[in-house]
Amino acid sequence: MCFNKLLIISVFIISSSLIYADSLNLDDHILNPSLDSTSVTGYYIPEDIEDCIDELDQMLPEELIDEIKEKTEEELIEYHFSLGVLLRTIWNLWGETRLAEYFRELEIFHPDDMSMIIITSYYRYLHDQPLKLDEQIEYYQKFWENIKPSK
């Protein structure tokens with residue numbers, strides 16, 4: 001219970017510091033996520049993967065989009081602690097939001113997995129490739145299945 005309170009307080013502090021910013025700085029890139037005063041974070045939280053792609057198209061500067069395009073899919077992990085953290089925070093993937101619920105309905109429960117699916121899907125979108133969402137989901141489900149302790 002104590003850990004949950006600490007997590008809630010941490011998310012609130014981080015979220016509160018983001019609410020009043022019109023733009024965010026990410027590794028020397030200025031991002032412009034859509035503001036939403038009704039959202040717990042102050043930013044628009046997408047409904048599903050297609051909505052995530054639309055919002056990323058709008059919020060990411062052209063230089064960052066070009067940088068992502070130049071990476072290989074295997075190199076996308078480089079965004080885990082930058083763009084991934086930002087998405088987990090402003091879209092409150094640790095909380096009870098419609099986007100987190102969307103992923104939970106797909107049986108993706110960890111926000112790190114959610115953010116990497118979003119980044120991978122965006123990369124594939126940029127390269128006019130099929131998102132293969134089912135395959136991405138299966139990858140993370142197998143990962144967690146393999147680390148469960150045996151009975």
# chains A, B, ... in the order shown; residues from 1 in each chain; ligands from 1
$ closest_atom_pairs --of "region 98-132 of chain A" --to "region 61-68 of chain A" --cutoff "10 Å" --atoms "only C-alpha atoms" --output "Markdown table"
| residue | atom | partner | partner_atom | distance |
| --- | --- | --- | --- | --- |
| A:Ile119 | CA | A:Ile68 | CA | 9.2 |
| A:Thr120 | CA | A:Ile68 | CA | 10.0 |
| A:Tyr122 | CA | A:Ile68 | CA | 9.0 |
| A:Tyr123 | CA | A:Ile68 | CA | 6.8 |
| A:Leu126 | CA | A:Ile65 | CA | 8.2 |
$ closest_residue --among "A:Leu86, A:Met59, A:Leu76, A:Leu99" --to "Leu35 (chain A)" --atoms "only C-alpha atoms"
A:Met59
$ select_by_dssp --residues "chain A" --states "strand (DSSP E or B)" --output "ChimeraX atom specification"
/A:24-26,29-31,35,43
$ select_by_dssp --residues "chain A" --states "alpha helix (DSSP H)" --output "JSON, numbers by chain"
{"A": [2, 3, 4, 5, 6, 7, 8, 9, 10, 11, 12, 13, 14, 15, 16, 17, 18, 19, 49, 50, 51, 52, 53, 54, 55, 56, 57, 58, 59, 62, 63, 64, 65, 66, 67, 68, 69, 70, 83, 84, 85, 86, 87, 88, 89, 90, 98, 99, 100, 101, 102, 103, 104, 105, 111, 112, 113, 114, 115, 116, 117, 118, 119, 120, 121, 122, 123, 124, 125, 126, 133, 134, 135, 136, 137, 138, 139, 140, 141, 142, 143, 144, 145, 146, 147]}
$ write_last_selection --atoms "C-alpha atoms" --output "PDB file, in the first residue's frame"
ATOM      1  CA  CYS A   2       2.814   2.402   0.851  1.00  0.00           C
ATOM      2  CA  PHE A   3       4.440   1.801  -2.542  1.00  0.00           C
ATOM      3  CA  ASN A   4       1.157   2.585  -4.326  1.00  0.00           C
ATOM      4  CA  LYS A   5       0.830   5.892  -2.470  1.00  0.00           C
ATOM      5  CA  LEU A   6       4.432   6.778  -3.348  1.00  0.00           C
ATOM      6  CA  LEU A   7       3.813   5.939  -7.013  1.00  0.00           C
ATOM      7  CA  ILE A   8       0.645   8.035  -7.099  1.00  0.00           C
ATOM      8  CA  ILE A   9       2.419  10.978  -5.470  1.00  0.00           C
ATOM      9  CA  SER A  10       5.367  10.676  -7.885  1.00  0.00           C
ATOM     10  CA  VAL A  11       3.090  10.564 -10.928  1.00  0.00           C
ATOM     11  CA  PHE A  12       1.147  13.555  -9.595  1.00  0.00           C
ATOM     12  CA  ILE A  13       4.316  15.598  -9.070  1.00  0.00           C
ATOM     13  CA  ILE A  14       5.661  14.744 -12.516  1.00  0.00           C
ATOM     14  CA  SER A  15       2.283  15.331 -14.136  1.00  0.00           C
ATOM     15  CA  SER A  16       1.752  18.607 -12.310  1.00  0.00           C
ATOM     16  CA  SER A  17       5.078  19.918 -13.517  1.00  0.00           C
ATOM     17  CA  LEU A  18       4.093  19.115 -17.103  1.00  0.00           C
ATOM     18  CA  ILE A  19       0.577  20.527 -17.075  1.00  0.00           C
ATOM     19  CA  ILE A  49      -2.760   2.863 -31.390  1.00  0.00           C
ATOM     20  CA  GLU A  50      -4.054   4.767 -34.429  1.00  0.00           C
ATOM     21  CA  ASP A  51      -4.798   7.771 -32.240  1.00  0.00           C
ATOM     22  CA  CYS A  52      -1.264   7.507 -30.772  1.00  0.00           C
ATOM     23  CA  ILE A  53       0.180   7.657 -34.275  1.00  0.00           C
ATOM     24  CA  ASP A  54      -1.926  10.705 -35.123  1.00  0.00           C
ATOM     25  CA  GLU A  55      -0.845  12.469 -31.941  1.00  0.00           C
ATOM     26  CA  LEU A  56       2.838  11.612 -32.473  1.00  0.00           C
ATOM     27  CA  ASP A  57       2.610  12.996 -36.009  1.00  0.00           C
ATOM     28  CA  GLN A  58       1.286  16.235 -34.551  1.00  0.00           C
ATOM     29  CA  MET A  59       3.570  16.545 -31.518  1.00  0.00           C
ATOM     30  CA  GLU A  62      10.197  17.021 -38.201  1.00  0.00           C
ATOM     31  CA  GLU A  63      13.837  16.585 -37.111  1.00  0.00           C
ATOM     32  CA  LEU A  64      12.888  13.924 -34.556  1.00  0.00           C
ATOM     33  CA  ILE A  65      10.605  12.167 -37.049  1.00  0.00           C
ATOM     34  CA  ASP A  66      13.515  12.070 -39.526  1.00  0.00           C
ATOM     35  CA  GLU A  67      15.805  10.754 -36.793  1.00  0.00           C
ATOM     36  CA  ILE A  68      13.359   7.963 -35.966  1.00  0.00           C
ATOM     37  CA  LYS A  69      13.023   7.098 -39.666  1.00  0.00           C
ATOM     38  CA  GLU A  70      16.793   6.687 -39.979  1.00  0.00           C
ATOM     39  CA  LEU A  83      10.470   9.421 -25.804  1.00  0.00           C
ATOM     40  CA  GLY A  84       9.226   6.314 -23.974  1.00  0.00           C
ATOM     41  CA  VAL A  85       9.400   8.024 -20.565  1.00  0.00           C
ATOM     42  CA  LEU A  86       7.656  11.061 -21.966  1.00  0.00           C
ATOM     43  CA  LEU A  87       4.818   8.961 -23.411  1.00  0.00           C
ATOM     44  CA  ARG A  88       4.464   6.940 -20.204  1.00  0.00           C
ATOM     45  CA  THR A  89       4.207  10.211 -18.284  1.00  0.00           C
ATOM     46  CA  ILE A  90       2.050  12.525 -20.404  1.00  0.00           C
ATOM     47  CA  ARG A  98      -8.346   5.104 -21.644  1.00  0.00           C
ATOM     48  CA  LEU A  99      -5.037   4.355 -23.409  1.00  0.00           C
ATOM     49  CA  ALA A 100      -3.730   2.206 -20.564  1.00  0.00           C
ATOM     50  CA  GLU A 101      -7.091   0.417 -20.492  1.00  0.00           C
ATOM     51  CA  TYR A 102      -6.900  -0.115 -24.280  1.00  0.00           C
ATOM     52  CA  PHE A 103      -3.574  -1.907 -23.808  1.00  0.00           C
ATOM     53  CA  ARG A 104      -4.800  -3.894 -20.807  1.00  0.00           C
ATOM     54  CA  GLU A 105      -7.696  -5.143 -22.950  1.00  0.00           C
ATOM     55  CA  PRO A 111       3.703   0.655 -19.350  1.00  0.00           C
ATOM     56  CA  ASP A 112       7.228   0.022 -20.693  1.00  0.00           C
ATOM     57  CA  ASP A 113       5.750  -2.510 -23.122  1.00  0.00           C
ATOM     58  CA  MET A 114       2.936  -0.119 -24.027  1.00  0.00           C
ATOM     59  CA  SER A 115       5.335   2.701 -24.872  1.00  0.00           C
ATOM     60  CA  MET A 116       7.595   0.444 -26.956  1.00  0.00           C
ATOM     61  CA  ILE A 117       4.596  -0.873 -28.895  1.00  0.00           C
ATOM     62  CA  ILE A 118       3.603   2.730 -29.578  1.00  0.00           C
ATOM     63  CA  ILE A 119       7.125   3.683 -30.717  1.00  0.00           C
ATOM     64  CA  THR A 120       7.494   0.542 -32.851  1.00  0.00           C
ATOM     65  CA  SER A 121       4.080   1.084 -34.419  1.00  0.00           C
ATOM     66  CA  TYR A 122       4.958   4.698 -35.176  1.00  0.00           C
ATOM     67  CA  TYR A 123       8.233   3.605 -36.769  1.00  0.00           C
ATOM     68  CA  ARG A 124       6.396   1.103 -38.955  1.00  0.00           C
ATOM     69  CA  TYR A 125       3.827   3.735 -39.885  1.00  0.00           C
ATOM     70  CA  LEU A 126       6.644   6.080 -40.952  1.00  0.00           C
ATOM     71  CA  LEU A 133       0.102  -5.183 -33.621  1.00  0.00           C
ATOM     72  CA  ASP A 134      -0.829  -8.805 -32.914  1.00  0.00           C
ATOM     73  CA  GLU A 135       2.803  -9.865 -33.331  1.00  0.00           C
ATOM     74  CA  GLN A 136       4.027  -7.077 -31.081  1.00  0.00           C
ATOM     75  CA  ILE A 137       1.521  -8.066 -28.411  1.00  0.00           C
ATOM     76  CA  GLU A 138       2.508 -11.714 -28.679  1.00  0.00           C
ATOM     77  CA  TYR A 139       6.193 -10.790 -28.266  1.00  0.00           C
ATOM     78  CA  TYR A 140       5.578  -9.068 -24.912  1.00  0.00           C
ATOM     79  CA  GLN A 141       3.157 -11.724 -23.699  1.00  0.00           C
ATOM     80  CA  LYS A 142       5.756 -14.433 -24.411  1.00  0.00           C
ATOM     81  CA  PHE A 143       8.423 -12.359 -22.681  1.00  0.00           C
ATOM     82  CA  TRP A 144       6.389 -12.206 -19.466  1.00  0.00           C
ATOM     83  CA  GLU A 145       5.353 -15.837 -19.748  1.00  0.00           C
ATOM     84  CA  ASN A 146       9.019 -16.865 -19.937  1.00  0.00           C
ATOM     85  CA  ILE A 147       9.982 -14.992 -16.778  1.00  0.00           C
TER      86      ILE A 147
END
